[in-house]
Amino acid sequence: MESLPTRNAVQGTGEDSAGVFARLGMGLADWSQKWFPDAFVFALVGLIIVFVAGLFAGVGTRNLIKYFGDGFWGLIPFTMQMAMIIIGGFVVATSPPVHKLIKKLAKVPRTPGGAVAFVVFFSMMTSLLSWGLGLIFGGILVREVVRNVRGIDYRAIGAAAFLGNGSVWALGLSSSAALVMATPASIPSALLKISGVIPLSLTIYTWQSAATAIVLIISSVIVAYLSTPASSTKDAESFGVADGLEIKTLEERKTPAEWLEYAPALSIVVGILGLAYIAQVLAVKGPLAALDLNTYNLLFLMTGLLLHWRPRSFRASGE
């Protein structure tokens, strides 16, 4: 019996839609790689555009410079909270239990298209929990997947790792806009007078938000699968990536002074205290109102501390 054509065979024909999607995806990737600068450049250009727009609006140069400086330091509480989301996501994703889970998941996909779609799915799902977690989880997952599946276009699977942060994260539990508006201390006083506090029950907890996330996840996985070539010379090795991200194992304790660094008791006590505080907040405010940037960040830090188990492991995760 003649076997059915494989995806690799049909992808090279113009009649197959997957081949069209793959060629379009690779064409866009080539164009972007050639013409798009680093993301930091966009931030600098955006700042200059706003400054020039202020000049055209009639705002004096001295005032614009003052607004720039005052705004920079005025955002410190918010930027600290955003940094804590990344740190919390990092310590959870790099903890030994989660890293073992990532290594097991990386063995599931068998083809380049399946691998990219697989990474897209988990990037988006973890980003719904925390965009900081999704950012690190997806990156580590990619490094492990490319070790098991050869010939994957590294640009495609690299983009897949960040797709959660480019799509559904704002619909998830770490949505910066939603959490800021639900945290009175994070809302600028001028804005607070206008909008007041907006609870999460009116933003990310609505059915419209959930429906949008589901549609985005399904469509993104399908597009990722169809737009990935069956093989590519732009693989991980061509970008100098040959190994997965190895999490450092703890060396043996060498001195008596290190005893407490290796004692799980400290992590357990502090972790339980942190989770107990969060439980108190939940009991007083309820699950819908209790989640804000501060409690959310504390939850991830305490979870990461418990997952690392030993203080030395928790500290070493940032090295």
# chains A, B, ... in the order shown; residues from 1 in each chain; ligands from 1
>>> select_by_dssp(residues="stretch 127-227 of chain A", states="alpha helix (DSSP H)", output="mmCIF file with C-alpha atoms, in the first residue's frame")
data_model
loop_
_atom_site.group_PDB
_atom_site.id
_atom_site.type_symbol
_atom_site.label_atom_id
_atom_site.label_comp_id
_atom_site.auth_asym_id
_atom_site.auth_seq_id
_atom_site.Cartn_x
_atom_site.Cartn_y
_atom_site.Cartn_z
ATOM 1 C CA SER A 127 2.129 33.773 30.868
ATOM 2 C CA LEU A 128 -1.495 33.694 32.005
ATOM 3 C CA LEU A 129 -0.187 32.806 35.475
ATOM 4 C CA TRP A 131 4.356 37.035 32.479
ATOM 5 C CA GLY A 132 7.592 36.790 34.449
ATOM 6 C CA LEU A 133 7.168 33.016 34.757
ATOM 7 C CA GLY A 134 6.201 32.661 31.091
ATOM 8 C CA LEU A 135 9.242 34.662 30.006
ATOM 9 C CA ILE A 136 11.705 32.355 31.802
ATOM 10 C CA PHE A 137 9.746 29.090 31.458
ATOM 11 C CA GLY A 138 9.446 29.504 27.689
ATOM 12 C CA GLY A 139 13.124 30.366 27.279
ATOM 13 C CA ILE A 140 14.302 27.324 29.247
ATOM 14 C CA LEU A 141 11.816 25.072 27.429
ATOM 15 C CA VAL A 142 13.211 26.177 24.053
ATOM 16 C CA ARG A 143 16.774 25.404 25.103
ATOM 17 C CA GLU A 144 15.708 21.901 26.116
ATOM 18 C CA VAL A 145 13.501 21.229 23.080
ATOM 19 C CA VAL A 146 16.213 22.088 20.520
ATOM 20 C CA ARG A 147 18.445 19.473 22.134
ATOM 21 C CA ASN A 148 15.863 16.778 21.381
ATOM 22 C CA TYR A 154 15.616 28.803 15.964
ATOM 23 C CA ARG A 155 13.985 32.110 15.092
ATOM 24 C CA ALA A 156 10.573 30.454 14.973
ATOM 25 C CA ILE A 157 10.902 28.595 18.253
ATOM 26 C CA GLY A 158 12.573 31.619 19.877
ATOM 27 C CA ALA A 159 9.587 33.757 18.927
ATOM 28 C CA ALA A 160 7.294 31.006 20.228
ATOM 29 C CA ALA A 161 8.903 31.280 23.659
ATOM 30 C CA SER A 176 0.229 45.018 34.841
ATOM 31 C CA ALA A 177 -2.581 47.387 33.905
ATOM 32 C CA ALA A 178 -5.240 45.409 35.769
ATOM 33 C CA LEU A 179 -3.100 44.890 38.884
ATOM 34 C CA VAL A 180 -1.988 48.512 38.995
ATOM 35 C CA MET A 181 -5.584 49.734 38.862
ATOM 36 C CA SER A 189 -2.725 60.274 42.709
ATOM 37 C CA ALA A 190 -4.030 62.344 39.784
ATOM 38 C CA LEU A 191 -5.355 59.216 38.062
ATOM 39 C CA LEU A 192 -6.758 57.796 41.301
ATOM 40 C CA LYS A 193 -8.998 60.850 41.683
ATOM 41 C CA ILE A 194 -10.426 60.262 38.221
ATOM 42 C CA SER A 195 -10.746 56.494 37.972
ATOM 43 C CA TRP A 207 -15.906 36.127 30.658
ATOM 44 C CA GLN A 208 -14.888 38.347 27.754
ATOM 45 C CA SER A 209 -11.286 38.277 28.955
ATOM 46 C CA ALA A 210 -11.317 34.473 29.287
ATOM 47 C CA ALA A 211 -12.910 34.010 25.855
ATOM 48 C CA THR A 212 -10.334 36.277 24.224
ATOM 49 C CA ALA A 213 -7.492 34.310 25.843
ATOM 50 C CA ILE A 214 -8.903 30.993 24.594
ATOM 51 C CA VAL A 215 -9.286 32.284 21.024
ATOM 52 C CA LEU A 216 -5.741 33.699 21.056
ATOM 53 C CA ILE A 217 -4.236 30.455 22.360
ATOM 54 C CA ILE A 218 -5.984 28.219 19.827
ATOM 55 C CA SER A 219 -5.278 30.470 16.842
ATOM 56 C CA SER A 220 -1.647 31.042 17.884
ATOM 57 C CA VAL A 221 -0.918 27.309 18.220
ATOM 58 C CA ILE A 222 -2.428 26.635 14.787
ATOM 59 C CA VAL A 223 -0.536 29.462 13.077
ATOM 60 C CA ALA A 224 2.713 28.422 14.793
ATOM 61 C CA TYR A 225 2.363 24.856 13.546
ATOM 62 C CA LEU A 226 1.498 25.860 9.989
#
>>> atom_distance(atom1="atom CA of A:Thr126", atom2="atom CA of A:Ser317")
19.4 Å
>>> atom_distance(atom1="atom CA of A:Pro264", atom2="atom CA of A:Trp309")
5.4 Å
>>> closest_residue(among="A:Ala276, A:Leu47, A:Ile102, A:Leu163", to="A:Met125", atoms="only C-alpha atoms")
A:Leu163
>>> atom_distance(atom1="atom CA of A:Val119", atom2="atom CA of A:Leu24")
20.0 Å
>>> residues_around(residues="stretch 83-88 of chain A", least_positions_apart="2", cutoff="9 Å", atoms="only C-alpha atoms", output="PyMOL selection string")
chain A and resi 78-81+90-93+130-133+135-136+174+293+296-304+318
>>> closest_residue(among="A:Thr233, A:Ser175, A:Ser238, A:Ser267", to="A:Met82", atoms="only C-alpha atoms")
A:Ser175
